[in-house]
Each structure stands twice: as C-alpha cells, then as structure tokens.
file query.json (JSON, C-alpha atoms)
[["chain", "number", "residue", "atom", "x", "y", "z"],
["Q", 1, "MET", "CA", 0.00, 0.00, 0.00],
["Q", 2, "LYS", "CA", 1.07, 3.55, -0.74],
["Q", 3, "ILE", "CA", 0.24, 5.32, 2.52],
["Q", 4, "HIS", "CA", 1.75, 8.76, 3.12],
["Q", 5, "PRO", "CA", 3.68, 8.89, 6.41],
["Q", 6, "THR", "CA", 1.46, 11.71, 7.71],
["Q", 7, "ALA", "CA", -1.75, 9.75, 7.16],
["Q", 8, "ILE", "CA", -3.41, 8.11, 10.16],
["Q", 9, "VAL", "CA", -4.88, 4.66, 9.49],
["Q", 10, "ASP", "CA", -6.45, 2.75, 12.37],
["Q", 11, "SER", "CA", -5.06, -0.74, 12.91],
["Q", 12, "LYS", "CA", -8.61, -2.14, 12.70],
["Q", 13, "ALA", "CA", -9.20, -0.72, 9.21],
["Q", 14, "GLU", "CA", -8.96, -3.16, 6.29],
["Q", 15, "LEU", "CA", -7.34, -1.76, 3.18],
["Q", 16, "HIS", "CA", -6.57, -3.71, 0.01],
["Q", 17, "GLU", "CA", -2.87, -3.78, -0.77],
["Q", 18, "SER", "CA", -3.41, -1.61, -3.85],
["Q", 19, "VAL", "CA", -5.11, 1.26, -1.97],
["Q", 20, "GLU", "CA", -3.39, 4.66, -1.97],
["Q", 21, "VAL", "CA", -3.75, 7.12, 0.92],
["Q", 22, "GLY", "CA", -2.59, 10.73, 0.70],
["Q", 23, "ALA", "CA", -1.07, 13.09, 3.23],
["Q", 24, "TYR", "CA", -2.99, 14.03, 6.39],
["Q", 25, "THR", "CA", -5.88, 11.71, 5.64],
["Q", 26, "ILE", "CA", -7.53, 9.92, 8.59],
["Q", 27, "ILE", "CA", -9.08, 6.48, 8.26],
["Q", 28, "GLU", "CA", -10.88, 5.19, 11.35],
["Q", 29, "ARG", "CA", -11.53, 1.71, 12.72],
["Q", 30, "ASP", "CA", -13.90, -0.76, 11.06],
["Q", 31, "VAL", "CA", -13.38, 0.78, 7.63],
["Q", 32, "VAL", "CA", -13.05, -1.52, 4.61],
["Q", 33, "ILE", "CA", -11.55, -0.13, 1.39],
["Q", 34, "GLY", "CA", -11.41, -2.21, -1.78],
["Q", 35, "GLU", "CA", -8.95, -2.72, -4.58],
["Q", 36, "GLY", "CA", -7.64, 0.24, -6.54],
["Q", 37, "THR", "CA", -9.29, 2.92, -4.44],
["Q", 38, "VAL", "CA", -7.40, 6.20, -4.06],
["Q", 39, "ILE", "CA", -7.87, 8.48, -1.06],
["Q", 40, "GLU", "CA", -6.26, 11.86, -1.63],
["Q", 41, "THR", "CA", -4.94, 14.38, 0.90],
["Q", 42, "GLY", "CA", -6.83, 15.61, 3.93],
["Q", 43, "ALA", "CA", -9.80, 13.28, 3.56],
["Q", 44, "ARG", "CA", -11.50, 11.53, 6.46],
["Q", 45, "ILE", "CA", -13.14, 8.12, 6.32],
["Q", 46, "PHE", "CA", -15.20, 7.46, 9.43],
["Q", 47, "ALA", "CA", -15.83, 4.20, 11.26],
["Q", 48, "GLY", "CA", -18.36, 1.85, 9.71],
["Q", 49, "THR", "CA", -17.61, 2.82, 6.11],
["Q", 50, "LYS", "CA", -17.22, 0.24, 3.37],
["Q", 51, "LEU", "CA", -15.77, 1.48, 0.08],
["Q", 52, "GLY", "CA", -15.71, -0.91, -2.87],
["Q", 53, "LYS", "CA", -13.22, -1.09, -5.74],
["Q", 54, "PHE", "CA", -11.64, 1.73, -7.76],
["Q", 55, "ASN", "CA", -13.26, 4.64, -5.97],
["Q", 56, "LYS", "CA", -11.59, 8.05, -5.94],
["Q", 57, "VAL", "CA", -11.88, 10.30, -2.87],
["Q", 58, "TYR", "CA", -10.49, 13.77, -3.47],
["Q", 59, "HIS", "CA", -8.95, 16.32, -1.11],
["Q", 60, "GLY", "CA", -10.97, 17.15, 1.98],
["Q", 61, "ALA", "CA", -13.87, 14.80, 1.26],
["Q", 62, "VAL", "CA", -15.64, 13.32, 4.28],
["Q", 63, "ILE", "CA", -17.16, 9.84, 4.04],
["Q", 64, "GLY", "CA", -19.33, 8.23, 6.74],
["Q", 65, "VAL", "CA", -19.48, 11.12, 9.21],
["Q", 66, "GLY", "CA", -22.17, 11.00, 11.90],
["Q", 67, "PRO", "CA", -25.67, 12.08, 10.87],
["Q", 68, "GLN", "CA", -26.97, 15.60, 11.44],
["Q", 69, "ASP", "CA", -29.92, 14.31, 13.44],
["Q", 70, "LEU", "CA", -30.63, 15.71, 16.92],
["Q", 71, "GLY", "CA", -32.05, 12.37, 18.03],
["Q", 72, "PHE", "CA", -29.04, 10.32, 16.92],
["Q", 73, "ASP", "CA", -27.04, 8.48, 19.58],
["Q", 74, "PRO", "CA", -23.38, 8.89, 18.55],
["Q", 75, "ASN", "CA", -22.60, 5.55, 20.17],
["Q", 76, "THR", "CA", -24.79, 3.70, 17.65],
["Q", 77, "PRO", "CA", -22.55, 1.77, 15.21],
["Q", 78, "THR", "CA", -24.22, 2.75, 11.95],
["Q", 79, "LYS", "CA", -22.77, 2.32, 8.47],
["Q", 80, "THR", "CA", -22.07, 3.77, 5.06],
["Q", 81, "ILE", "CA", -21.90, 1.27, 2.19],
["Q", 82, "ILE", "CA", -20.43, 2.41, -1.13],
["Q", 83, "GLY", "CA", -19.99, 0.38, -4.32],
["Q", 84, "ASP", "CA", -17.37, 0.60, -7.07],
["Q", 85, "ASN", "CA", -15.96, 3.28, -9.39],
["Q", 86, "ASN", "CA", -17.47, 6.25, -7.58],
["Q", 87, "THR", "CA", -15.93, 9.73, -7.49],
["Q", 88, "PHE", "CA", -16.16, 12.04, -4.48],
["Q", 89, "LYS", "CA", -14.75, 15.46, -5.32],
["Q", 90, "GLU", "CA", -13.26, 18.05, -2.99],
["Q", 91, "TYR", "CA", -15.10, 18.64, 0.31],
["Q", 92, "SER", "CA", -18.10, 16.49, -0.58],
["Q", 93, "ASN", "CA", -19.58, 14.87, 2.52],
["Q", 94, "ILE", "CA", -21.53, 11.65, 2.98],
["Q", 95, "HIS", "CA", -23.32, 10.98, 6.28],
["Q", 96, "ARG", "CA", -23.83, 7.48, 7.63],
["Q", 97, "GLY", "CA", -27.20, 6.01, 8.60],
["Q", 98, "THR", "CA", -29.09, 6.66, 11.82],
["Q", 99, "LYS", "CA", -29.90, 3.04, 12.68],
["Q", 100, "VAL", "CA", -27.88, -0.17, 12.73],
["Q", 101, "ASP", "CA", -30.09, -1.73, 10.04],
["Q", 102, "SER", "CA", -30.40, 1.44, 7.93],
["Q", 103, "PRO", "CA", -27.08, 2.34, 6.30],
["Q", 104, "THR", "CA", -26.49, 5.12, 3.84],
["Q", 105, "ILE", "CA", -26.03, 3.29, 0.52],
["Q", 106, "ILE", "CA", -24.34, 4.52, -2.67],
["Q", 107, "GLY", "CA", -24.15, 2.23, -5.70],
["Q", 108, "ASN", "CA", -21.64, 2.28, -8.55],
["Q", 109, "ARG", "CA", -20.16, 4.90, -10.89],
["Q", 110, "ASN", "CA", -21.73, 7.90, -9.17],
["Q", 111, "TYR", "CA", -20.02, 11.26, -9.57],
["Q", 112, "VAL", "CA", -20.38, 13.51, -6.52],
["Q", 113, "MET", "CA", -18.98, 16.99, -7.14],
["Q", 114, "GLY", "CA", -17.37, 19.43, -4.72],
["Q", 115, "ASN", "CA", -19.20, 20.50, -1.55],
["Q", 116, "ALA", "CA", -22.15, 18.21, -2.31],
["Q", 117, "HIS", "CA", -23.94, 16.80, 0.74],
["Q", 118, "VAL", "CA", -25.56, 13.36, 0.92],
["Q", 119, "GLY", "CA", -27.50, 13.11, 4.16],
["Q", 120, "HIS", "CA", -28.04, 10.18, 6.49],
["Q", 121, "ASP", "CA", -29.99, 7.12, 5.33],
["Q", 122, "CYS", "CA", -29.90, 8.21, 1.68],
["Q", 123, "ILE", "CA", -29.92, 5.54, -1.02],
["Q", 124, "LEU", "CA", -28.35, 6.22, -4.43],
["Q", 125, "GLY", "CA", -28.40, 3.81, -7.34],
["Q", 126, "ASP", "CA", -25.87, 3.81, -10.17],
["Q", 127, "ASP", "CA", -24.46, 6.37, -12.62],
["Q", 128, "ASN", "CA", -25.91, 9.47, -10.97],
["Q", 129, "ILE", "CA", -24.31, 12.91, -11.20],
["Q", 130, "LEU", "CA", -24.61, 15.14, -8.12],
["Q", 131, "THR", "CA", -23.39, 18.61, -8.95],
["Q", 132, "HIS", "CA", -21.49, 21.19, -6.91],
["Q", 133, "GLY", "CA", -23.09, 22.36, -3.69],
["Q", 134, "LEU", "CA", -26.30, 20.35, -3.80],
["Q", 135, "VAL", "CA", -27.97, 19.07, -0.63],
["Q", 136, "LEU", "CA", -29.80, 15.75, -0.23],
["Q", 137, "ALA", "CA", -31.57, 15.70, 3.13],
["Q", 138, "GLY", "CA", -31.87, 12.50, 5.13],
["Q", 139, "HIS", "CA", -33.74, 9.51, 3.72],
["Q", 140, "VAL", "CA", -33.66, 10.73, 0.10],
["Q", 141, "THR", "CA", -33.67, 7.99, -2.55],
["Q", 142, "VAL", "CA", -32.16, 8.58, -6.01],
["Q", 143, "GLY", "CA", -32.57, 6.02, -8.78],
["Q", 144, "ASN", "CA", -30.14, 5.53, -11.65],
["Q", 145, "LYS", "CA", -28.64, 7.98, -14.15],
["Q", 146, "ALA", "CA", -30.24, 11.03, -12.56],
["Q", 147, "PHE", "CA", -28.63, 14.45, -12.95],
["Q", 148, "ILE", "CA", -29.06, 16.85, -10.03],
["Q", 149, "SER", "CA", -27.65, 20.29, -10.72],
["Q", 150, "GLY", "CA", -25.77, 22.72, -8.50],
["Q", 151, "LEU", "CA", -27.27, 24.24, -5.33],
["Q", 152, "VAL", "CA", -30.35, 22.02, -5.49],
["Q", 153, "ALA", "CA", -31.99, 21.21, -2.14],
["Q", 154, "VAL", "CA", -33.99, 17.96, -1.90],
["Q", 155, "HIS", "CA", -36.38, 17.57, 1.07],
["Q", 156, "GLN", "CA", -36.11, 14.50, 3.30],
["Q", 157, "PHE", "CA", -37.93, 11.32, 2.20],
["Q", 158, "CYS", "CA", -38.19, 12.48, -1.43],
["Q", 159, "PHE", "CA", -37.60, 10.10, -4.34],
["Q", 160, "VAL", "CA", -35.80, 11.08, -7.54],
["Q", 161, "GLY", "CA", -36.56, 8.72, -10.41],
["Q", 162, "ASP", "CA", -34.32, 7.17, -13.05],
["Q", 163, "TYR", "CA", -33.03, 9.58, -15.71],
["Q", 164, "ALA", "CA", -34.60, 12.55, -13.92],
["Q", 165, "MET", "CA", -32.91, 15.91, -14.35],
["Q", 166, "ILE", "CA", -33.22, 18.71, -11.77],
["Q", 167, "ALA", "CA", -32.17, 22.22, -12.78],
["Q", 168, "GLY", "CA", -29.85, 24.37, -10.68],
["Q", 169, "CYS", "CA", -31.02, 26.15, -7.50],
["Q", 170, "SER", "CA", -34.27, 24.18, -7.39],
["Q", 171, "LYS", "CA", -36.19, 23.45, -4.18],
["Q", 172, "VAL", "CA", -37.52, 19.88, -4.29],
["Q", 173, "VAL", "CA", -40.30, 19.08, -1.80],
["Q", 174, "GLN", "CA", -42.05, 16.23, -3.65],
["Q", 175, "ASP", "CA", -40.98, 13.21, -5.68],
["Q", 176, "VAL", "CA", -39.39, 13.79, -9.09],
["Q", 177, "PRO", "CA", -40.71, 11.20, -11.57],
["Q", 178, "PRO", "CA", -38.43, 9.26, -13.91],
["Q", 179, "PHE", "CA", -37.35, 10.59, -17.31],
["Q", 180, "ALA", "CA", -38.55, 14.13, -16.49],
["Q", 181, "THR", "CA", -36.89, 17.54, -16.09],
["Q", 182, "ALA", "CA", -37.79, 19.63, -13.05],
["Q", 183, "ASP", "CA", -37.05, 23.25, -12.20],
["Q", 184, "GLY", "CA", -38.09, 26.02, -9.84],
["Q", 185, "ASN", "CA", -38.81, 27.02, -6.26],
["Q", 186, "PRO", "CA", -40.87, 25.10, -5.44],
["Q", 187, "CYS", "CA", -39.80, 22.64, -8.10],
["Q", 188, "THR", "CA", -42.22, 21.50, -10.83],
["Q", 189, "ILE", "CA", -41.96, 19.36, -13.95],
["Q", 190, "ILE", "CA", -41.18, 21.35, -17.09],
["Q", 191, "GLY", "CA", -40.89, 18.50, -19.61],
["Q", 192, "LEU", "CA", -38.98, 15.36, -20.43],
["Q", 193, "ASN", "CA", -35.26, 14.91, -19.90],
["Q", 194, "THR", "CA", -34.91, 14.73, -23.67],
["Q", 195, "VAL", "CA", -31.13, 15.04, -23.75],
["Q", 196, "GLY", "CA", -30.69, 12.37, -21.09],
["Q", 197, "LEU", "CA", -33.03, 9.98, -22.89],
["Q", 198, "LYS", "CA", -31.21, 10.43, -26.21],
["Q", 199, "ARG", "CA", -27.82, 9.97, -24.57],
["Q", 200, "GLY", "CA", -29.20, 6.92, -22.78],
["Q", 201, "GLY", "CA", -29.99, 5.26, -26.11],
["Q", 202, "PHE", "CA", -33.79, 5.25, -25.79],
["Q", 203, "SER", "CA", -35.47, 4.71, -29.14],
["Q", 204, "PRO", "CA", -37.79, 7.36, -30.63],
["Q", 205, "GLU", "CA", -40.70, 4.98, -30.04],
["Q", 206, "THR", "CA", -39.88, 4.65, -26.35],
["Q", 207, "ARG", "CA", -39.41, 8.41, -25.94],
["Q", 208, "SER", "CA", -42.78, 8.95, -27.63],
["Q", 209, "ALA", "CA", -44.46, 6.43, -25.31],
["Q", 210, "ILE", "CA", -42.99, 8.18, -22.25],
["Q", 211, "LYS", "CA", -44.21, 11.55, -23.55],
["Q", 212, "ASN", "CA", -47.70, 10.21, -24.19],
["Q", 213, "ALA", "CA", -47.86, 8.69, -20.71],
["Q", 214, "TYR", "CA", -47.08, 12.05, -19.14],
["Q", 215, "LYS", "CA", -49.69, 13.71, -21.34],
["Q", 216, "VAL", "CA", -52.30, 11.41, -19.86],
["Q", 217, "ILE", "CA", -51.08, 11.98, -16.31],
["Q", 218, "TYR", "CA", -50.61, 15.75, -16.45],
["Q", 219, "HIS", "CA", -52.71, 17.12, -19.32],
["Q", 220, "SER", "CA", -55.81, 14.93, -19.66],
["Q", 221, "GLY", "CA", -57.76, 16.72, -16.95],
["Q", 222, "LEU", "CA", -57.94, 13.50, -14.93],
["Q", 223, "ASN", "CA", -56.69, 13.16, -11.38],
["Q", 224, "TYR", "CA", -53.54, 11.09, -11.01],
["Q", 225, "ARG", "CA", -55.28, 7.91, -9.86],
["Q", 226, "THR", "CA", -57.78, 7.92, -12.72],
["Q", 227, "ALA", "CA", -55.06, 8.74, -15.24],
["Q", 228, "LEU", "CA", -52.96, 5.84, -13.98],
["Q", 229, "ASP", "CA", -55.99, 3.53, -14.18],
["Q", 230, "GLN", "CA", -56.50, 4.59, -17.79],
["Q", 231, "LEU", "CA", -52.86, 3.91, -18.66],
["Q", 232, "GLU", "CA", -52.99, 0.49, -17.01],
["Q", 233, "LYS", "CA", -55.98, -0.49, -19.14],
["Q", 234, "GLU", "CA", -53.92, 0.05, -22.28],
["Q", 235, "SER", "CA", -51.64, -2.70, -23.54],
["Q", 236, "GLY", "CA", -48.24, -2.71, -25.19],
["Q", 237, "HIS", "CA", -46.51, -0.24, -22.92],
["Q", 238, "PRO", "CA", -42.70, -0.37, -22.87],
["Q", 239, "PRO", "CA", -41.08, -1.04, -19.46],
["Q", 240, "GLU", "CA", -40.37, 2.67, -19.03],
["Q", 241, "VAL", "CA", -44.08, 3.55, -18.97],
["Q", 242, "LEU", "CA", -44.74, 0.77, -16.47],
["Q", 243, "GLU", "CA", -41.96, 2.26, -14.36],
["Q", 244, "ILE", "CA", -43.69, 5.67, -14.44],
["Q", 245, "ILE", "CA", -46.99, 4.13, -13.34],
["Q", 246, "LYS", "CA", -45.30, 2.25, -10.51],
["Q", 247, "PHE", "CA", -43.46, 5.39, -9.39],
["Q", 248, "PHE", "CA", -46.70, 7.38, -9.07],
["Q", 249, "ARG", "CA", -48.48, 4.51, -7.34],
["Q", 250, "ASN", "CA", -45.72, 4.11, -4.75],
["Q", 251, "SER", "CA", -45.20, 7.79, -3.93],
["Q", 252, "ASP", "CA", -45.76, 8.72, -0.29],
["Q", 253, "ARG", "CA", -44.93, 12.44, -0.45],
["Q", 254, "GLY", "CA", -46.74, 12.85, -3.75],
["Q", 255, "VAL", "CA", -45.27, 13.49, -7.19],
["Q", 256, "MET", "CA", -44.69, 17.12, -8.14],
["Q", 257, "ASN", "CA", -47.03, 18.90, -10.52],
["Q", 258, "HIS", "CA", -46.33, 19.98, -14.08],
["Q", 259, "ARG", "CA", -45.69, 23.69, -14.58]]
call {"tool": "encode", "arguments": {"input": "query.json", "output": "structure tokens"}}
result
Amino acid sequence: MKIHPTAIVDSKAELHESVEVGAYTIIERDVVIGEGTVIETGARIFAGTKLGKFNKVYHGAVIGVGPQDLGFDPNTPTKTIIGDNNTFKEYSNIHRGTKVDSPTIIGNRNYVMGNAHVGHDCILGDDNILTHGLVLAGHVTVGNKAFISGLVAVHQFCFVGDYAMIAGCSKVVQDVPPFATADGNPCTIIGLNTVGLKRGGFSPETRSAIKNAYKVIYHSGLNYRTALDQLEKESGHPPEVLEIIKFFRNSDRGVMNHR
C-alpha cells in the first residue's frame, strides 16, 4: 500500500494492498476499502464505512461522518456502504445512517462533485451525477442515471426517479418522476429529460411512449389515480411507462405537478 507517512490509518481498518492514501488523511476503525481505491490528501473516512473497488476520494472529502440528526445516539454503530468506481470530489460529505439496520447506501459509478452533501440514510443507485453544492436531506432515494444540478436542495424522504434531471437552485419538496426535467422554487416538472433519454440510447418509439404517458397523467384533466388507471388499461406499454406508473403509485410524499 502507498500510505503517506502523515496519514493516520487505524489498525482495525482493512485496506486492500493496492489502496493509496494521501497526506494528512484519517481512516478510522472498522473501515473496509477495496482494490484500486485512491484516497487523496486531507480526507477523512469514518468508522463503519465500506468502500468498494476503484473509488476516488479527493482532497478534503468526508465519508461516513455522523448524521446531522438531533435524536441520533453517537454511540450507535451505523454504516455507510459504497460500491465501485465512484468519485467524491473536494469537500463532498456523505453521512452514515441513523440506525444499525439502515445504512447510507451509494451504488456504482456515481459522480459527486465538490461540496455536495448526501444526508443520512440516503440511497443512491448507479451512474448518478450530483453537482457542486447540492444538498440531499436525510432519507432521500435517487434512482439511476439522474442528474441533479448545482445548489439544489432535496427535502427528506423524497424520491428522484431514473433519468430525472433537476435544474440548478431548485427546491424539491415532492418526488421527481423518472425521465422528467424539473425546475423552480418550489420545483415543478417542465418536460422530459430529452437530452438524457437520447444519450441513454432510448429509441424514438420509447421516448414517444414516455411523452404520451405524461400527457395522460398531467394534461388529460384527470386526477392522477384515474389517469394511472387509464394507462394500465392500455396494452403494449414499454417497461419505461410501467416504471412511471409504478413510481406514481408508490409515492408517499406525492409526485410534483407539471408547470
């Protein structure tokens, strides 16, 4: 292992032999770090963190710090579980879960930019981009391939669907459905994430089906439940439309309105 002599690594931490640790970084007990992961200078990896393979933690990033929850008992051994090939840029901070059986979970290939905050008990899927200075409150769930722009604030317990795109400086207080673009304070849907869908390789037919589904939900004059019932009566939907229906059905906070 390439560990700088000024770094502090607890004897009860488990680091793969290929891991690199930069100057003045602190790695606490009960941390597991997988193959090929690089921890740069001045970072801190807190107890109970598991980092998979080939992650990159940049200068000053904080992974697995205690939750900002007034009711949290700091003696509770909670966890942060992170997959492979993630990037955590300068001064990003990830908070661990609040309960033993409720870790903060981050999947694979996520890109977390500088000063971004991922709160306690959050769950992120794969291939998401979290831009500079955004804030995810506790218990936020983000699907896959979402793009959340700079200075966005997402309220606790909100869901952000697959391929959703949230514009900069938005205030998100309800769920953001998949494949959509949201903007504003408070945040509302302004259309499809057309660029994301094209880059994601979705066919014109699938993009058209997604657009038509949202027309029924938002522009038919029907309430959400009736609109979803109407969509379910139709056959031949691609999986993406079924995902939209399921997302609306499962929403607890409610899905945001269309502008």
call {"tool": "atom_distance", "arguments": {"input": "query.json", "atom1": "atom CA of Q:His4", "atom2": "atom CA of Q:Ile82"}}
result
23.5 Å
call {"tool": "closest_residue", "arguments": {"input": "query.json", "among": "Q:Leu136, Q:Val31, Q:Ile39, Q:Leu124", "to": "Q:Glu90", "atoms": "all atoms listed in the file"}}
result
Q:Ile39
call {"tool": "residues_around", "arguments": {"input": "query.json", "residues": "stretch 13-21 of chain Q", "least_positions_apart": "5", "cutoff": "6 Å", "atoms": "all atoms listed in the file", "output": "PDB file with C-alpha atoms, in the coordinates of the input"}}
result
ATOM      1  CA  MET Q   1       0.000   0.000   0.000  1.00  0.00           C
ATOM      2  CA  LYS Q   2       1.070   3.550  -0.740  1.00  0.00           C
ATOM      3  CA  ILE Q   3       0.240   5.320   2.520  1.00  0.00           C
ATOM      4  CA  ARG Q  29     -11.530   1.710  12.720  1.00  0.00           C
ATOM      5  CA  ASP Q  30     -13.900  -0.760  11.060  1.00  0.00           C
ATOM      6  CA  VAL Q  31     -13.380   0.780   7.630  1.00  0.00           C
ATOM      7  CA  VAL Q  32     -13.050  -1.520   4.610  1.00  0.00           C
ATOM      8  CA  ILE Q  33     -11.550  -0.130   1.390  1.00  0.00           C
ATOM      9  CA  GLY Q  34     -11.410  -2.210  -1.780  1.00  0.00           C
ATOM     10  CA  GLU Q  35      -8.950  -2.720  -4.580  1.00  0.00           C
ATOM     11  CA  GLY Q  36      -7.640   0.240  -6.540  1.00  0.00           C
ATOM     12  CA  THR Q  37      -9.290   2.920  -4.440  1.00  0.00           C
ATOM     13  CA  VAL Q  38      -7.400   6.200  -4.060  1.00  0.00           C
ATOM     14  CA  ILE Q  39      -7.870   8.480  -1.060  1.00  0.00           C
ATOM     15  CA  GLU Q  40      -6.260  11.860  -1.630  1.00  0.00           C
TER      16      GLU Q  40
END
call {"tool": "closest_residue", "arguments": {"input": "query.json", "among": "Q:Asp101, Q:Arg259, Q:Gly254, Q:Asn185", "to": "Q:Tyr218", "atoms": "all atoms listed in the file"}}
result
Q:Arg259
call {"tool": "closest_residue", "arguments": {"input": "query.json", "among": "Q:Gly22, Q:Pro177, Q:Gly114, Q:Gly150", "to": "Q:Tyr91", "atoms": "all atoms listed in the file"}}
result
Q:Gly114
call {"tool": "closest_residue", "arguments": {"input": "query.json", "among": "Q:Val152, Q:Ile123, Q:Ile106, Q:Ala146", "to": "Q:Gly200", "atoms": "only C-alpha atoms"}}
result
Q:Ala146
call {"tool": "atom_distance", "arguments": {"input": "query.json", "atom1": "atom CA of Q:Asn108", "atom2": "atom CA of Q:Phe179"}}
result
19.8 Å
call {"tool": "closest_residue", "arguments": {"input": "query.json", "among": "Q:Ile129, Q:Lys215, Q:Ser208, Q:His117", "to": "Q:Val154", "atoms": "only C-alpha atoms"}}
result
Q:His117
call {"tool": "atom_distance", "arguments": {"input": "query.json", "atom1": "atom CA of Q:Pro186", "atom2": "atom CA of Q:Ser149"}}
result
15.0 Å
call {"tool": "closest_residue", "arguments": {"input": "query.json", "among": "Q:Thr78, Q:Asn93, Q:Ser220, Q:Thr104", "to": "Q:Gly60", "atoms": "only C-alpha atoms"}}
result
Q:Asn93
call {"tool": "residues_around", "arguments": {"input": "query.json", "residues": "Q:Ala47", "least_positions_apart": "3", "cutoff": "12 Å", "atoms": "only C-alpha atoms", "output": "CSV table (one decimal) with C-alpha atoms, in the frame of the given file"}}
result
chain,number,residue,atom,x,y,z
Q,9,VAL,CA,-4.9,4.7,9.5
Q,10,ASP,CA,-6.4,2.8,12.4
Q,11,SER,CA,-5.1,-0.7,12.9
Q,12,LYS,CA,-8.6,-2.1,12.7
Q,13,ALA,CA,-9.2,-0.7,9.2
Q,14,GLU,CA,-9.0,-3.2,6.3
Q,26,ILE,CA,-7.5,9.9,8.6
Q,27,ILE,CA,-9.1,6.5,8.3
Q,28,GLU,CA,-10.9,5.2,11.4
Q,29,ARG,CA,-11.5,1.7,12.7
Q,30,ASP,CA,-13.9,-0.8,11.1
Q,31,VAL,CA,-13.4,0.8,7.6
Q,32,VAL,CA,-13.0,-1.5,4.6
Q,33,ILE,CA,-11.6,-0.1,1.4
Q,44,ARG,CA,-11.5,11.5,6.5
Q,50,LYS,CA,-17.2,0.2,3.4
Q,51,LEU,CA,-15.8,1.5,0.1
Q,62,VAL,CA,-15.6,13.3,4.3
Q,63,ILE,CA,-17.2,9.8,4.0
Q,64,GLY,CA,-19.3,8.2,6.7
Q,65,VAL,CA,-19.5,11.1,9.2
Q,66,GLY,CA,-22.2,11.0,11.9
Q,74,PRO,CA,-23.4,8.9,18.6
Q,75,ASN,CA,-22.6,5.6,20.2
Q,76,THR,CA,-24.8,3.7,17.6
Q,77,PRO,CA,-22.6,1.8,15.2
Q,78,THR,CA,-24.2,2.8,12.0
Q,79,LYS,CA,-22.8,2.3,8.5
Q,80,THR,CA,-22.1,3.8,5.1
Q,81,ILE,CA,-21.9,1.3,2.2
Q,95,HIS,CA,-23.3,11.0,6.3
Q,96,ARG,CA,-23.8,7.5,7.6
Q,97,GLY,CA,-27.2,6.0,8.6
call {"tool": "residues_around", "arguments": {"input": "query.json", "residues": "Q:Phe147", "least_positions_apart": "6", "cutoff": "8 Å", "atoms": "all atoms listed in the file", "output": "PDB file with C-alpha atoms, keeping the file's coordinate frame"}}
result
ATOM      1  CA  ASN Q 128     -25.910   9.470 -10.970  1.00  0.00           C
ATOM      2  CA  ILE Q 129     -24.310  12.910 -11.200  1.00  0.00           C
ATOM      3  CA  LEU Q 130     -24.610  15.140  -8.120  1.00  0.00           C
ATOM      4  CA  THR Q 131     -23.390  18.610  -8.950  1.00  0.00           C
ATOM      5  CA  TYR Q 163     -33.030   9.580 -15.710  1.00  0.00           C
ATOM      6  CA  ALA Q 164     -34.600  12.550 -13.920  1.00  0.00           C
ATOM      7  CA  MET Q 165     -32.910  15.910 -14.350  1.00  0.00           C
ATOM      8  CA  ILE Q 166     -33.220  18.710 -11.770  1.00  0.00           C
TER       9      ILE Q 166
END
call {"tool": "residues_near_point", "arguments": {"input": "query.json", "point": "(-30.7, 15.9, -23.7)", "cutoff": "12 Å", "atoms": "only C-alpha atoms", "output": "list of chain:residue names"}}
result
Q:Phe147, Q:Tyr163, Q:Ala164, Q:Met165, Q:Phe179, Q:Ala180, Q:Thr181, Q:Gly191, Q:Leu192, Q:Asn193, Q:Thr194, Q:Val195, Q:Gly196, Q:Leu197, Q:Lys198, Q:Arg199, Q:Gly200, Q:Gly201, Q:Phe202, Q:Arg207
call {"tool": "residues_around", "arguments": {"input": "query.json", "residues": "Q:Thr6", "least_positions_apart": "3", "cutoff": "8 Å", "atoms": "all atoms listed in the file", "output": "list in words"}}
result
Ala23, Tyr24 and Thr25 of chain Q
call {"tool": "closest_atom_pairs", "arguments": {"input": "query.json", "of": "stretch 173-229 of chain Q", "to": "stretch 242-248 of chain Q", "cutoff": "12 Å", "atoms": "only C-alpha atoms", "output": "JSON lines"}}
result
{"residue": "Q:Gln174", "atom": "CA", "partner": "Q:Phe248", "partner_atom": "CA", "distance": 11.4}
{"residue": "Q:Asp175", "atom": "CA", "partner": "Q:Phe248", "partner_atom": "CA", "distance": 8.8}
{"residue": "Q:Val176", "atom": "CA", "partner": "Q:Phe247", "partner_atom": "CA", "distance": 9.3}
{"residue": "Q:Pro177", "atom": "CA", "partner": "Q:Phe247", "partner_atom": "CA", "distance": 6.8}
{"residue": "Q:Pro178", "atom": "CA", "partner": "Q:Ile244", "partner_atom": "CA", "distance": 6.4}
{"residue": "Q:Phe179", "atom": "CA", "partner": "Q:Ile244", "partner_atom": "CA", "distance": 8.5}
{"residue": "Q:Ala180", "atom": "CA", "partner": "Q:Ile244", "partner_atom": "CA", "distance": 10.1}
{"residue": "Q:Thr206", "atom": "CA", "partner": "Q:Leu242", "partner_atom": "CA", "distance": 11.7}
{"residue": "Q:Ala209", "atom": "CA", "partner": "Q:Leu242", "partner_atom": "CA", "distance": 10.5}
{"residue": "Q:Ile210", "atom": "CA", "partner": "Q:Ile244", "partner_atom": "CA", "distance": 8.2}
{"residue": "Q:Lys211", "atom": "CA", "partner": "Q:Ile244", "partner_atom": "CA", "distance": 10.9}
{"residue": "Q:Asn212", "atom": "CA", "partner": "Q:Ile244", "partner_atom": "CA", "distance": 11.5}
{"residue": "Q:Ala213", "atom": "CA", "partner": "Q:Ile244", "partner_atom": "CA", "distance": 8.1}
{"residue": "Q:Tyr214", "atom": "CA", "partner": "Q:Ile244", "partner_atom": "CA", "distance": 8.6}
{"residue": "Q:Val216", "atom": "CA", "partner": "Q:Ile245", "partner_atom": "CA", "distance": 11.1}
{"residue": "Q:Ile217", "atom": "CA", "partner": "Q:Ile245", "partner_atom": "CA", "distance": 9.3}
{"residue": "Q:Tyr218", "atom": "CA", "partner": "Q:Phe248", "partner_atom": "CA", "distance": 11.8}
{"residue": "Q:Asn223", "atom": "CA", "partner": "Q:Phe248", "partner_atom": "CA", "distance": 11.8}
{"residue": "Q:Tyr224", "atom": "CA", "partner": "Q:Phe248", "partner_atom": "CA", "distance": 8.0}
{"residue": "Q:Arg225", "atom": "CA", "partner": "Q:Phe248", "partner_atom": "CA", "distance": 8.6}
{"residue": "Q:Thr226", "atom": "CA", "partner": "Q:Ile245", "partner_atom": "CA", "distance": 11.5}
{"residue": "Q:Ala227", "atom": "CA", "partner": "Q:Ile245", "partner_atom": "CA", "distance": 9.5}
{"residue": "Q:Leu228", "atom": "CA", "partner": "Q:Ile245", "partner_atom": "CA", "distance": 6.2}
{"residue": "Q:Asp229", "atom": "CA", "partner": "Q:Ile245", "partner_atom": "CA", "distance": 9.1}
call {"tool": "residues_around", "arguments": {"input": "query.json", "residues": "Q:Asn85", "least_positions_apart": "5", "cutoff": "10 Å", "atoms": "all atoms listed in the file", "output": "PyMOL selection string"}}
result
chain Q and resi 36-37+51-56+107-111+126-127
